[in-house]
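Visitor: Sharing entry.cif here; it has mmCIF, C-alpha atoms.
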```
data_my_file
#
loop_
_atom_site.label_atom_id
_atom_site.label_comp_id
_atom_site.auth_asym_id
_atom_site.auth_seq_id
_atom_site.Cartn_x
_atom_site.Cartn_y
_atom_site.Cartn_z
CA MET A 260 28.23 40.02 35.87
CA SER A 261 31.07 38.49 33.93
CA GLU A 262 31.99 37.95 30.31
CA GLN A 263 34.04 35.22 28.73
CA PRO A 264 36.65 35.71 26.00
CA GLY A 265 34.93 36.24 22.69
CA SER A 266 31.83 37.68 24.35
CA ALA A 267 30.30 41.04 23.62
CA GLU A 268 27.32 43.21 24.37
CA PRO A 269 24.41 42.83 25.00
CA ARG A 270 24.33 41.52 28.56
CA ARG A 271 20.55 41.62 28.99
CA LEU A 272 18.22 39.15 27.39
CA ALA A 273 15.94 42.08 26.54
CA ASP A 274 18.67 43.35 24.21
CA ALA A 275 19.11 40.01 22.47
CA THR A 276 15.53 38.83 21.92
CA THR A 277 12.92 40.06 19.46
CA MET A 278 10.32 40.32 22.25
CA ARG A 279 12.70 42.70 24.07
CA VAL A 280 12.05 41.29 27.51
CA GLY A 281 14.47 39.63 29.89
CA GLY A 282 16.76 40.55 32.76
CA GLU A 283 20.49 40.87 33.22
CA VAL A 284 22.65 37.82 32.67
CA ALA A 285 25.32 36.61 35.11
CA THR A 286 27.64 35.25 32.40
CA TRP A 287 27.31 36.09 28.73
CA VAL A 288 29.33 34.32 26.04
CA GLU A 289 29.19 35.37 22.40
CA ALA A 290 30.87 32.51 20.52
CA THR A 291 31.93 33.32 16.96
CA THR A 292 33.97 30.17 16.29
CA ARG A 293 33.38 26.47 16.85
CA ASP A 294 36.25 26.37 19.32
CA GLU A 295 34.62 29.13 21.37
CA VAL A 296 31.29 27.29 21.29
CA ALA A 297 32.94 24.06 22.47
CA ALA A 298 34.94 25.75 25.25
CA ALA A 299 31.96 27.66 26.60
CA TYR A 300 29.63 24.68 26.40
CA ALA A 301 32.13 22.38 28.13
CA GLU A 302 32.57 24.84 30.97
CA ALA A 303 28.85 25.42 31.36
CA ILE A 304 27.81 21.76 31.50
CA ASP A 305 30.57 20.92 33.99
CA ASP A 306 28.65 22.98 36.54
CA ASP A 307 25.48 21.08 37.41
CA TYR A 308 24.12 23.97 39.46
CA THR A 309 24.39 26.81 36.97
CA PRO A 310 21.62 27.15 34.35
CA LEU A 311 22.65 27.26 30.69
CA LEU A 312 20.62 28.99 28.00
CA LEU A 313 21.57 28.46 24.34
CA LEU A 314 20.64 31.43 22.22
CA GLY A 315 20.71 32.09 18.50
CA GLY A 316 18.79 34.99 16.98
CA GLY A 317 16.60 35.39 20.05
CA SER A 318 13.38 35.28 18.04
CA ASN A 319 11.94 32.29 19.88
CA THR A 320 12.85 33.15 23.48
CA VAL A 321 10.69 34.95 26.05
CA SER A 322 12.35 35.47 29.41
CA SER A 323 11.45 36.69 32.86
CA SER A 324 12.60 40.22 33.59
CA GLU A 325 14.35 38.92 36.69
CA PRO A 326 18.15 38.44 36.46
CA PHE A 327 19.25 35.19 34.84
CA ASP A 328 21.74 33.66 37.27
CA GLY A 329 23.43 31.42 34.75
CA THR A 330 25.28 31.36 31.44
CA VAL A 331 23.87 32.50 28.14
CA LEU A 332 25.79 31.01 25.24
CA ARG A 333 24.96 32.85 22.06
CA VAL A 334 26.09 30.94 18.99
CA ALA A 335 27.24 33.49 16.42
CA THR A 336 29.26 31.36 14.00
CA ARG A 337 28.98 32.16 10.29
CA GLY A 338 29.48 30.39 7.01
CA ILE A 339 27.60 28.86 4.06
CA ARG A 340 29.40 26.21 2.03
CA THR A 341 28.34 24.03 -0.88
CA LEU A 342 29.46 20.48 -0.12
CA PRO A 343 31.27 18.56 -2.85
CA THR A 344 29.74 15.18 -3.61
CA ALA A 345 32.50 13.38 -1.70
CA GLU A 346 31.69 15.29 1.50
CA ARG A 347 27.93 14.86 1.41
CA PRO A 348 26.36 12.90 4.29
CA HIS A 349 25.70 9.24 3.57
CA ARG A 350 22.21 8.39 2.40
CA PRO A 351 20.11 6.18 4.67
CA ALA A 352 19.65 2.63 3.39
CA GLY A 353 16.85 2.44 0.86
CA GLU A 354 16.76 6.16 0.12
CA GLU A 355 16.67 7.17 -3.53
CA PRO A 356 19.90 8.70 -4.84
CA PRO A 357 19.75 12.49 -5.13
CA ALA A 358 18.80 14.03 -8.44
CA ASP A 359 21.53 15.53 -10.59
CA ASP A 360 20.26 19.03 -9.78
CA SER A 361 20.59 18.62 -6.01
CA VAL A 362 22.90 20.92 -4.06
CA VAL A 363 23.86 20.36 -0.43
CA LEU A 364 24.61 23.42 1.70
CA ARG A 365 26.38 23.16 5.04
CA VAL A 366 25.43 26.22 7.05
CA GLU A 367 26.98 27.28 10.36
CA ALA A 368 24.47 27.51 13.19
CA GLY A 369 24.87 31.24 13.81
CA GLU A 370 23.92 32.31 10.31
CA GLY A 371 20.69 34.28 10.10
CA TRP A 372 17.89 32.15 8.69
CA ASP A 373 16.52 34.77 6.31
CA ALA A 374 20.05 35.57 5.10
CA LEU A 375 20.34 31.90 4.14
CA VAL A 376 17.02 32.01 2.27
CA ALA A 377 18.10 35.18 0.44
CA HIS A 378 21.37 33.45 -0.49
CA SER A 379 19.61 30.34 -1.80
CA VAL A 380 17.20 32.40 -3.91
CA ALA A 381 20.05 34.48 -5.33
CA GLU A 382 21.85 31.25 -6.26
CA GLY A 383 18.77 29.84 -7.99
CA LEU A 384 18.25 27.11 -5.39
CA ALA A 385 14.68 26.01 -4.65
CA GLY A 386 13.41 24.54 -1.39
CA LEU A 387 13.52 27.37 1.17
CA GLU A 388 11.84 30.26 -0.66
CA ALA A 389 8.49 30.02 1.20
CA LEU A 390 10.40 30.27 4.50
CA SER A 391 11.48 33.82 3.73
CA GLY A 392 11.31 36.42 6.49
CA ILE A 393 11.40 34.00 9.42
CA PRO A 394 13.69 35.54 12.04
CA GLY A 395 16.23 33.62 14.07
CA SER A 396 19.30 31.53 13.37
CA VAL A 397 19.92 28.50 11.18
CA GLY A 398 20.92 26.33 14.15
CA ALA A 399 17.52 26.80 15.76
CA ALA A 400 15.56 25.95 12.59
CA PRO A 401 15.68 22.13 12.85
CA ILE A 402 15.08 22.20 16.61
CA GLN A 403 11.76 23.89 15.99
CA ASN A 404 11.26 22.42 12.51
CA ILE A 405 10.22 25.85 11.33
CA GLY A 406 7.65 26.05 8.59
CA ALA A 407 5.41 28.46 6.72
CA TYR A 408 3.35 28.72 3.54
CA GLY A 409 3.53 25.05 2.69
CA GLN A 410 7.24 24.45 3.34
CA GLU A 411 9.13 23.30 6.41
CA VAL A 412 12.73 22.53 7.24
CA ALA A 413 12.03 18.79 7.41
CA SER A 414 11.52 18.66 3.62
CA THR A 415 15.11 19.71 2.87
CA LEU A 416 17.07 18.77 6.00
CA LEU A 417 19.71 16.06 5.65
CA GLY A 418 21.07 16.33 9.17
CA VAL A 419 23.04 18.40 11.67
CA GLU A 420 26.43 18.43 13.30
CA LEU A 421 25.80 18.21 17.04
CA LEU A 422 28.30 18.92 19.80
CA THR A 423 27.30 16.36 22.42
CA ARG A 424 28.68 13.82 24.90
CA ASP A 425 29.78 10.50 23.45
CA GLU A 426 29.40 7.08 25.10
CA ARG A 427 32.43 7.83 27.28
CA GLY A 428 30.94 11.10 28.46
CA GLU A 429 33.38 13.22 26.47
CA LEU A 430 32.36 16.06 24.20
CA ALA A 431 32.49 15.20 20.51
CA VAL A 432 30.99 16.39 17.24
CA ARG A 433 28.44 13.91 15.94
CA SER A 434 26.68 13.85 12.58
CA VAL A 435 22.99 13.29 13.29
CA PRO A 436 20.80 12.38 10.28
CA ALA A 437 17.40 14.00 9.91
CA ALA A 438 15.57 10.74 10.66
CA GLU A 439 17.13 10.61 14.12
CA LEU A 440 15.92 14.12 14.86
CA ARG A 441 12.31 12.86 14.68
CA LEU A 442 11.00 16.06 13.19
CA GLY A 443 7.31 16.78 13.66
CA TYR A 444 5.06 19.80 13.70
CA ARG A 445 7.22 22.43 15.45
CA GLU A 446 9.15 19.78 17.34
CA SER A 447 12.21 17.55 17.25
CA ALA A 448 14.10 15.09 19.41
CA ILE A 449 16.31 17.98 20.54
CA LYS A 450 13.36 20.11 21.59
CA ARG A 451 11.89 17.19 23.51
CA GLY A 452 15.18 16.53 25.28
CA LEU A 453 15.76 13.14 23.64
CA LEU A 454 18.99 14.52 22.17
CA THR A 455 21.15 17.06 23.98
CA GLY A 456 23.93 19.28 22.77
CA VAL A 457 24.64 22.30 20.59
CA VAL A 458 23.84 22.37 16.89
CA LEU A 459 27.03 23.46 15.12
CA SER A 460 25.89 23.27 11.51
CA VAL A 461 22.93 22.23 9.37
CA ASP A 462 23.00 20.31 6.08
CA LEU A 463 20.21 21.13 3.61
CA ARG A 464 19.55 19.55 0.22
CA LEU A 465 18.12 22.04 -2.27
CA ARG A 466 17.39 21.83 -5.99
CA ARG A 467 19.13 23.95 -8.58
CA SER A 468 16.30 25.48 -10.58
CA ALA A 469 17.25 25.54 -14.25
CA ASP A 470 14.44 27.98 -15.06
CA GLY A 471 14.76 30.04 -11.87
CA ARG A 472 11.38 28.93 -10.60
CA SER A 473 10.22 27.85 -7.17
CA GLN A 474 8.92 24.57 -5.93
CA PRO A 475 5.19 24.09 -6.63
CA ILE A 476 3.16 26.42 -4.41
CA ALA A 477 1.48 24.40 -1.68
CA TYR A 478 -0.39 27.07 0.30
CA GLN A 479 -3.60 28.69 -0.89
CA GLN A 480 -3.01 32.14 0.66
CA LEU A 481 0.33 32.37 -1.09
CA ALA A 482 -1.12 31.21 -4.39
CA THR A 483 -3.87 33.82 -4.10
CA ALA A 484 -1.36 36.57 -3.34
CA LEU A 485 0.53 35.64 -6.51
CA GLY A 486 -2.63 35.27 -8.57
CA VAL A 487 -1.89 31.66 -9.56
CA ASP A 488 -3.27 28.20 -8.87
CA LEU A 489 -1.96 25.82 -6.25
CA GLY A 490 0.88 23.74 -7.63
CA THR A 491 2.14 26.54 -9.88
CA ARG A 492 5.86 27.29 -10.02
CA VAL A 493 6.80 30.97 -10.13
CA PRO A 494 10.12 32.86 -10.26
CA LEU A 495 11.99 32.43 -6.97
CA ASP A 496 12.31 36.18 -6.48
CA ASP A 497 8.57 36.67 -6.99
CA LEU A 498 7.70 34.02 -4.44
CA ARG A 499 10.14 35.40 -1.87
CA SER A 500 8.75 38.92 -2.35
CA ALA A 501 5.17 37.68 -1.95
CA VAL A 502 6.01 35.80 1.25
CA LEU A 503 7.80 38.81 2.72
CA GLU A 504 4.83 41.03 1.90
CA LEU A 505 2.38 38.57 3.49
CA ARG A 506 4.52 38.33 6.63
CA ARG A 507 4.94 42.11 6.72
CA SER A 508 1.18 42.58 6.57
CA LYS A 509 0.94 40.44 9.73
CA GLY A 510 3.77 42.19 11.56
CA MET A 511 5.90 39.06 11.18
CA VAL A 512 8.98 40.69 9.63
CA LEU A 513 11.44 42.41 11.97
CA SER A 514 11.22 46.15 11.36
CA ASP A 515 10.28 49.41 13.08
CA ASP A 516 6.65 48.21 13.08
CA PRO A 517 5.58 47.95 16.76
CA ASP A 518 3.75 44.72 15.94
CA SER A 519 7.06 43.07 15.02
CA VAL A 520 8.30 43.35 18.62
CA SER A 521 7.21 39.82 19.32
CA ALA A 522 8.27 36.19 19.22
CA GLY A 523 6.25 35.54 16.09
CA SER A 524 3.41 33.06 16.46
CA PHE A 525 3.12 32.58 20.22
CA PHE A 526 1.00 29.41 20.10
CA THR A 527 1.19 26.37 17.87
CA ASN A 528 -1.87 25.31 15.93
CA PRO A 529 -3.52 22.59 18.05
CA ILE A 530 -3.64 19.04 16.71
CA VAL A 531 -6.68 17.13 17.92
CA SER A 532 -8.62 14.02 16.98
CA ALA A 533 -11.03 14.29 14.07
CA ARG A 534 -13.81 13.21 16.43
CA PHE A 535 -13.09 16.13 18.76
CA ALA A 536 -12.79 18.55 15.84
CA ALA A 537 -16.31 17.54 14.77
CA THR A 538 -17.65 19.06 18.01
CA LEU A 539 -16.33 22.50 17.09
CA PRO A 540 -18.32 25.04 15.08
CA ASP A 541 -18.45 24.29 11.36
CA ALA A 542 -16.69 27.58 10.64
CA ALA A 543 -13.59 26.55 12.59
CA PRO A 544 -10.78 25.97 10.05
CA ARG A 545 -9.24 22.50 10.13
CA TRP A 546 -6.76 20.51 8.08
CA SER A 547 -6.34 16.75 8.01
CA MET A 548 -3.01 15.55 9.45
CA SER A 549 -3.61 11.85 8.83
CA PRO A 550 -2.31 10.00 5.77
CA GLN A 551 -4.79 8.15 3.63
CA PRO A 552 -4.99 4.44 4.52
CA SER A 553 -2.83 2.32 2.25
CA THR A 554 -4.42 -0.08 -0.19
CA VAL A 555 -4.23 -3.73 0.91
CA VAL A 556 -4.51 -6.39 -1.78
CA VAL A 557 -5.86 -9.69 -0.50
CA PRO A 558 -5.40 -12.67 -2.85
CA LEU A 559 -8.64 -14.52 -3.57
CA SER A 560 -6.99 -17.68 -4.89
CA ALA A 561 -7.84 -20.74 -2.86
CA ASP A 562 -4.43 -22.13 -3.79
CA GLY A 563 -2.60 -19.45 -1.81
CA PRO A 564 -1.22 -20.29 1.65
CA GLU A 565 -3.40 -19.36 4.56
CA ALA A 566 -1.90 -17.49 7.47
CA GLU A 567 -2.39 -18.91 10.91
CA PRO A 568 -4.63 -16.67 13.05
CA ASP A 569 -1.87 -16.12 15.61
CA ALA A 570 0.54 -15.03 12.88
CA LEU A 571 -1.64 -12.18 11.67
CA PRO A 572 -0.40 -8.72 12.73
CA PRO A 573 -2.67 -6.74 15.03
CA LEU A 574 -5.03 -4.43 13.22
CA GLU A 575 -3.78 -0.87 13.62
CA ARG A 576 -6.31 1.88 13.38
CA PRO A 577 -4.52 5.21 13.68
CA VAL A 578 -6.72 7.89 15.16
CA PRO A 579 -7.38 10.51 12.45
CA GLN A 580 -5.88 13.84 13.49
CA VAL A 581 -6.81 17.36 12.52
CA LYS A 582 -4.90 20.62 12.81
CA LEU A 583 -6.90 23.62 14.00
CA SER A 584 -6.24 27.33 13.60
CA ALA A 585 -5.03 28.82 16.88
CA ALA A 586 -5.65 32.32 15.52
CA TRP A 587 -9.31 31.49 14.77
CA LEU A 588 -9.80 29.98 18.23
CA ILE A 589 -8.33 33.08 19.89
CA GLU A 590 -10.44 35.49 17.86
CA HIS A 591 -13.63 33.52 18.46
CA SER A 592 -13.02 33.25 22.18
CA GLY A 593 -13.56 37.00 22.33
CA ILE A 594 -9.96 38.24 22.12
CA GLY A 595 -9.44 40.65 19.25
CA ARG A 596 -6.46 42.28 17.68
CA GLY A 597 -4.83 44.89 19.90
CA PHE A 598 -6.32 43.43 23.09
CA CYS A 599 -4.37 43.98 26.30
CA LEU A 600 -5.03 43.49 30.00
CA PRO A 601 -5.53 46.64 32.09
CA GLY A 602 -2.23 48.26 33.02
CA SER A 603 -0.16 45.87 30.90
CA ARG A 604 2.27 46.80 28.12
CA ALA A 605 1.90 43.37 26.52
CA ALA A 606 -0.79 43.13 23.84
CA ILE A 607 -2.18 41.00 21.06
CA SER A 608 -0.79 42.20 17.73
CA SER A 609 -3.01 44.69 15.93
CA LYS A 610 -2.45 42.68 12.73
CA HIS A 611 -2.53 39.02 13.80
CA THR A 612 -4.11 37.45 16.88
CA LEU A 613 -1.50 34.70 17.05
CA ALA A 614 1.28 37.13 17.98
CA LEU A 615 1.80 38.62 21.44
CA THR A 616 3.70 41.90 21.32
CA ASN A 617 5.64 44.22 23.58
CA ARG A 618 4.09 47.66 23.20
CA GLY A 619 7.09 49.26 24.91
CA GLY A 620 8.27 48.61 28.44
CA ALA A 621 6.49 45.28 28.88
CA THR A 622 7.97 42.69 31.22
CA GLY A 623 8.27 39.01 30.53
CA GLU A 624 5.79 38.48 33.35
CA GLN A 625 3.22 40.66 31.57
CA VAL A 626 3.67 38.66 28.37
CA ALA A 627 3.15 35.42 30.29
CA GLU A 628 0.09 36.86 32.06
CA LEU A 629 -1.49 37.71 28.71
CA ALA A 630 -0.62 34.28 27.34
CA ARG A 631 -2.28 32.57 30.31
CA PHE A 632 -5.38 34.71 29.82
CA VAL A 633 -5.56 33.69 26.15
CA GLN A 634 -5.12 30.03 27.07
CA ALA A 635 -7.91 30.22 29.65
CA ARG A 636 -10.38 31.92 27.28
CA VAL A 637 -9.77 29.41 24.48
CA GLU A 638 -9.95 26.43 26.85
CA ASN A 639 -13.18 27.67 28.45
CA GLN A 640 -14.78 28.41 25.08
CA PHE A 641 -13.64 25.42 23.03
CA GLY A 642 -12.00 22.92 25.36
CA VAL A 643 -8.68 23.30 23.49
CA HIS A 644 -5.40 23.91 25.31
CA LEU A 645 -3.03 26.18 23.40
CA VAL A 646 0.65 25.25 23.64
CA PRO A 647 3.23 28.06 23.56
CA GLU A 648 5.78 27.96 20.74
CA PRO A 649 8.64 30.06 22.20
CA VAL A 650 11.16 28.90 24.78
CA LEU A 651 10.04 30.36 28.12
CA VAL A 652 12.78 31.23 30.60
CA GLY A 653 11.65 31.62 34.19
CA LEU A 654 8.04 32.11 33.17
CA PRO A 655 5.36 29.61 34.22
CA LEU A 656 2.60 29.07 31.72
#
```
Show this structure as structure tokens.

Guide:
Amino acid sequence: MSEQPGSAEPRRLADATTMRVGGEVATWVEATTRDEVAAAYAEAIDDDYTPLLLLGGGSNTVSSSEPFDGTVLRVATRGIRTLPTAERPHRPAGEEPPADDSVVLRVEAGEGWDALVAHSVAEGLAGLEALSGIPGSVGAAPIQNIGAYGQEVASTLLGVELLTRDERGELAVRSVPAAELRLGYRESAIKRGLLTGVVLSVDLRLRRSADGRSQPIAYQQLATALGVDLGTRVPLDDLRSAVLELRRSKGMVLSDDPDSVSAGSFFTNPIVSARFAATLPDAAPRWSMSPQPSTVVVPLSADGPEAEPDALPPLERPVPQVKLSAAWLIEHSGIGRGFCLPGSRAAISSKHTLALTNRGGATGEQVAELARFVQARVENQFGVHLVPEPVLVGLPL
């Protein structure tokens, strides 16, 4: 194995990921400055035959226990800065000007996500409070478009600084606006490979809360936990505490709890057509993902000009989509909390069926074996294919 300048322990992926699986790494680079990130990335991409794995907090990576014969570049840059108005990214054409209470933070990619949320709450900034307790780094957040309890990164993201090749093939830092990232449910243009490079920093627009209260609560479970109605605004600290407690009860906060040795939610909630969702049991939870059709006003005046038939736009009928609960599908396919395959150290969390955990000494292969078993049971029972959320390294699924 070898290390590059600026690198440090650990040298095994098992020591750098929350699932605690993964083999030894041939070349490990721990980059704490932008210059180190750029140098390591340039060297890695110049070699077409050596795999490169970008790593942040390691909370969304599940790796084979076999050695990784490539370079792991762990981005460990730090810094949170409030941008003066003159330095804020340009608004897209047609976008409303920001409110007077808006604050733009530029956050280095290696900052811990929950540390950022704690900072924003302490500063009285609203917009991230429901995303408390999510592990991982800030740079990974827009790639995955992380979300929880009615908030997601897309609602506050202005854009990212991306280290990527320019039109001449040379490495350069490019400001990429949020619209170009094509953020969707747990996806982005970067995750889909439409944009390549390393996220160096993230720009987020938050609101300074004059009364210290949160954004309106948009998730029923959170509202219930706080004893308020949906749409209520509560003190930022209270909301953060409630979210942390809810996540802790599900083993979703990193701690000495064995159930937290995981990659969080292992599967995304499936999105299917409303017609298909109607074939599922009535008890299966579902949420509409389709916007309401817009109102079209047709003038009745005979004096108005008539459009030629060929000039009329084609009638678009978007297929209504519905989001299902992956946890419900898993539970009702016969897989309960704590389930594990014989002889395996990988298990379903004892608190939440959507999390796969390492009970101590599990291999990445055992985690993948359990995931495939879950997929097969859900597909056989309901005809729904569950898609894994973490990045899988050397593990077929």

Visitor: Kindly give the distance, in Å, that separates atom CA of Gly395 of chain A and atom CA of Arg604 of chain A, rounded to a single decimal.

Guide: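 Computing it gives 23.8 Å between the two atoms.
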
Visitor: Under the rule that all atoms listed in the file are counted, which of A:Gly620, A:Gly490, A:Gly595, A:Gly392 is the nearest residue to Val502 of chain A?

Guide: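 Checking each of A:Gly620, A:Gly490, A:Gly595, A:Gly392 against Val502 of chain A, counting all atoms listed in the file, the winner is A:Gly392.
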
Visitor: For each of A:Ala298, A:Leu588, A:Ala285, A:Ala275, take the minimum atom-to-atom distance to Ala542 of chain A, counting only C-alpha atoms, then give the residue where this is smallest.

Guide: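 Nearest candidate to Ala542 of chain A out of A:Ala298, A:Leu588, A:Ala285, A:Ala275: A:Leu588.
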
Visitor: I'd like the residues picked by the PyMOL selection byres ((chain A and resi 333) around 9) written out as a list in words, using the chain letters and numbers from the file.

Guide: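 Applied to this file, the PyMOL selection byres ((chain A and resi 333) around 9) returns Ser266, Trp287, Val288, Glu289, Ala290, Thr291, Val296, Leu312, Leu313, Leu314, Gly315, Gly316, Gly317, Val331, Leu332, Val334, Ala335 and Gly369 of chain A.
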
Visitor: Quote the spacing between atom CA of Ala407 of chain A and atom CA of Met548 of chain A in Å to one decimal place.

Guide: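 Going from atom CA of Ala407 of chain A over to atom CA of Met548 of chain A covers 15.7 Å.
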
Visitor: Let me make sure I understand: among A:Leu656, A:Ser524, A:Ala389, A:Glu411, which one has the smallest atom-to-atom distance to Glu504 of chain A if we use all atoms listed in the file?

Guide: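 With all atoms listed in the file as the atom set, the closest residue is A:Ala389.
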
Visitor: Can you list, as an mmCIF file with C-alpha atoms, in the coordinates of the input, the residues that the PyMOL selection byres ((chain A and resi 592) around 7) selects here?

Guide:
```
data_model
loop_
_atom_site.group_PDB
_atom_site.id
_atom_site.type_symbol
_atom_site.label_atom_id
_atom_site.label_comp_id
_atom_site.auth_asym_id
_atom_site.auth_seq_id
_atom_site.Cartn_x
_atom_site.Cartn_y
_atom_site.Cartn_z
ATOM 1 C CA LEU A 588 -9.800 29.980 18.230
ATOM 2 C CA ILE A 589 -8.330 33.080 19.890
ATOM 3 C CA GLU A 590 -10.440 35.490 17.860
ATOM 4 C CA HIS A 591 -13.630 33.520 18.460
ATOM 5 C CA GLY A 593 -13.560 37.000 22.330
ATOM 6 C CA ILE A 594 -9.960 38.240 22.120
ATOM 7 C CA ARG A 636 -10.380 31.920 27.280
ATOM 8 C CA VAL A 637 -9.770 29.410 24.480
ATOM 9 C CA GLN A 640 -14.780 28.410 25.080
#
```

Visitor: Around the point (-5.5, 26.6, 13.6) in the file's coordinates, collect all residues with an atom within 8 Å, using all atoms listed in the file, and return them as a PyMOL selection string.

Guide: chain A and resi 527-529+544-545+582-588

Visitor: Could you check the closest approach to Thr538 of chain A for each of A:Tyr478, A:Pro494, A:Ala501, A:Phe641 and tell me which residue wins, using all atoms listed in the file?

Guide: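 Residue with the minimum atom-to-atom distance to Thr538 of chain A: A:Phe641.
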
Visitor: Using the chain letters and numbers from this file, what does the PyMOL selection byres ((chain A and resi 364) around 6) select? Give the answer as a PyMOL selection string.

Guide: chain A and resi 340-342+363+365+462-463

Visitor: Selected residues, C-alpha atoms, written as an mmCIF file, in the frame of the given file, please.

Guide:
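Heads up, here's the output in again27.cif:
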```
data_model
loop_
_atom_site.group_PDB
_atom_site.id
_atom_site.type_symbol
_atom_site.label_atom_id
_atom_site.label_comp_id
_atom_site.auth_asym_id
_atom_site.auth_seq_id
_atom_site.Cartn_x
_atom_site.Cartn_y
_atom_site.Cartn_z
ATOM 1 C CA ARG A 340 29.400 26.210 2.030
ATOM 2 C CA THR A 341 28.340 24.030 -0.880
ATOM 3 C CA LEU A 342 29.460 20.480 -0.120
ATOM 4 C CA VAL A 363 23.860 20.360 -0.430
ATOM 5 C CA ARG A 365 26.380 23.160 5.040
ATOM 6 C CA ASP A 462 23.000 20.310 6.080
ATOM 7 C CA LEU A 463 20.210 21.130 3.610
#
```

Visitor: Working from the structure I just supplied, which lacks atoms in segment 621-639 of chain A, can you model N, CA and C atoms there and output them as a PDB file, in the coordinates of the input?

Guide:
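What follows is the written file result_30.pdb:
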```pdb
ATOM      1  N   ALA A 621       7.122  46.460  28.288  1.00  0.00           N
ATOM      2  CA  ALA A 621       6.490  45.280  28.880  1.00  0.00           C
ATOM      3  C   ALA A 621       7.535  44.415  29.571  1.00  0.00           C
ATOM      4  N   THR A 622       7.109  43.677  30.567  1.00  0.00           N
ATOM      5  CA  THR A 622       7.970  42.690  31.220  1.00  0.00           C
ATOM      6  C   THR A 622       7.633  41.303  30.701  1.00  0.00           C
ATOM      7  N   GLY A 623       8.553  40.387  30.912  1.00  0.00           N
ATOM      8  CA  GLY A 623       8.270  39.010  30.530  1.00  0.00           C
ATOM      9  C   GLY A 623       7.069  38.473  31.290  1.00  0.00           C
ATOM     10  N   GLU A 624       6.921  38.923  32.531  1.00  0.00           N
ATOM     11  CA  GLU A 624       5.790  38.480  33.350  1.00  0.00           C
ATOM     12  C   GLU A 624       4.465  38.967  32.765  1.00  0.00           C
ATOM     13  N   GLN A 625       4.449  40.167  32.194  1.00  0.00           N
ATOM     14  CA  GLN A 625       3.220  40.660  31.570  1.00  0.00           C
ATOM     15  C   GLN A 625       2.882  39.868  30.311  1.00  0.00           C
ATOM     16  N   VAL A 626       3.905  39.494  29.556  1.00  0.00           N
ATOM     17  CA  VAL A 626       3.670  38.660  28.370  1.00  0.00           C
ATOM     18  C   VAL A 626       3.079  37.320  28.780  1.00  0.00           C
ATOM     19  N   ALA A 627       3.648  36.714  29.826  1.00  0.00           N
ATOM     20  CA  ALA A 627       3.150  35.420  30.290  1.00  0.00           C
ATOM     21  C   ALA A 627       1.728  35.543  30.844  1.00  0.00           C
ATOM     22  N   GLU A 628       1.444  36.647  31.527  1.00  0.00           N
ATOM     23  CA  GLU A 628       0.090  36.860  32.060  1.00  0.00           C
ATOM     24  C   GLU A 628      -0.929  36.928  30.934  1.00  0.00           C
ATOM     25  N   LEU A 629      -0.594  37.628  29.855  1.00  0.00           N
ATOM     26  CA  LEU A 629      -1.490  37.710  28.710  1.00  0.00           C
ATOM     27  C   LEU A 629      -1.655  36.349  28.053  1.00  0.00           C
ATOM     28  N   ALA A 630      -0.553  35.611  27.944  1.00  0.00           N
ATOM     29  CA  ALA A 630      -0.620  34.280  27.340  1.00  0.00           C
ATOM     30  C   ALA A 630      -1.519  33.354  28.149  1.00  0.00           C
ATOM     31  N   ARG A 631      -1.409  33.412  29.467  1.00  0.00           N
ATOM     32  CA  ARG A 631      -2.280  32.570  30.310  1.00  0.00           C
ATOM     33  C   ARG A 631      -3.737  32.956  30.149  1.00  0.00           C
ATOM     34  N   PHE A 632      -3.997  34.249  30.010  1.00  0.00           N
ATOM     35  CA  PHE A 632      -5.380  34.710  29.820  1.00  0.00           C
ATOM     36  C   PHE A 632      -5.938  34.161  28.506  1.00  0.00           C
ATOM     37  N   VAL A 633      -5.132  34.219  27.446  1.00  0.00           N
ATOM     38  CA  VAL A 633      -5.560  33.690  26.150  1.00  0.00           C
ATOM     39  C   VAL A 633      -5.831  32.194  26.260  1.00  0.00           C
ATOM     40  N   GLN A 634      -4.930  31.469  26.894  1.00  0.00           N
ATOM     41  CA  GLN A 634      -5.120  30.030  27.070  1.00  0.00           C
ATOM     42  C   GLN A 634      -6.437  29.731  27.781  1.00  0.00           C
ATOM     43  N   ALA A 635      -6.700  30.470  28.853  1.00  0.00           N
ATOM     44  CA  ALA A 635      -7.910  30.220  29.650  1.00  0.00           C
ATOM     45  C   ALA A 635      -9.169  30.492  28.844  1.00  0.00           C
ATOM     46  N   ARG A 636      -9.186  31.590  28.069  1.00  0.00           N
ATOM     47  CA  ARG A 636     -10.380  31.920  27.280  1.00  0.00           C
ATOM     48  C   ARG A 636     -10.642  30.852  26.221  1.00  0.00           C
ATOM     49  N   VAL A 637      -9.597  30.414  25.529  1.00  0.00           N
ATOM     50  CA  VAL A 637      -9.770  29.410  24.480  1.00  0.00           C
ATOM     51  C   VAL A 637     -10.200  28.072  25.083  1.00  0.00           C
ATOM     52  N   GLU A 638      -9.601  27.711  26.221  1.00  0.00           N
ATOM     53  CA  GLU A 638      -9.950  26.430  26.850  1.00  0.00           C
ATOM     54  C   GLU A 638     -11.387  26.456  27.352  1.00  0.00           C
ATOM     55  N   ASN A 639     -11.798  27.558  27.938  1.00  0.00           N
ATOM     56  CA  ASN A 639     -13.180  27.670  28.450  1.00  0.00           C
ATOM     57  C   ASN A 639     -14.195  27.658  27.309  1.00  0.00           C
TER      58      ASN A 639
END
```
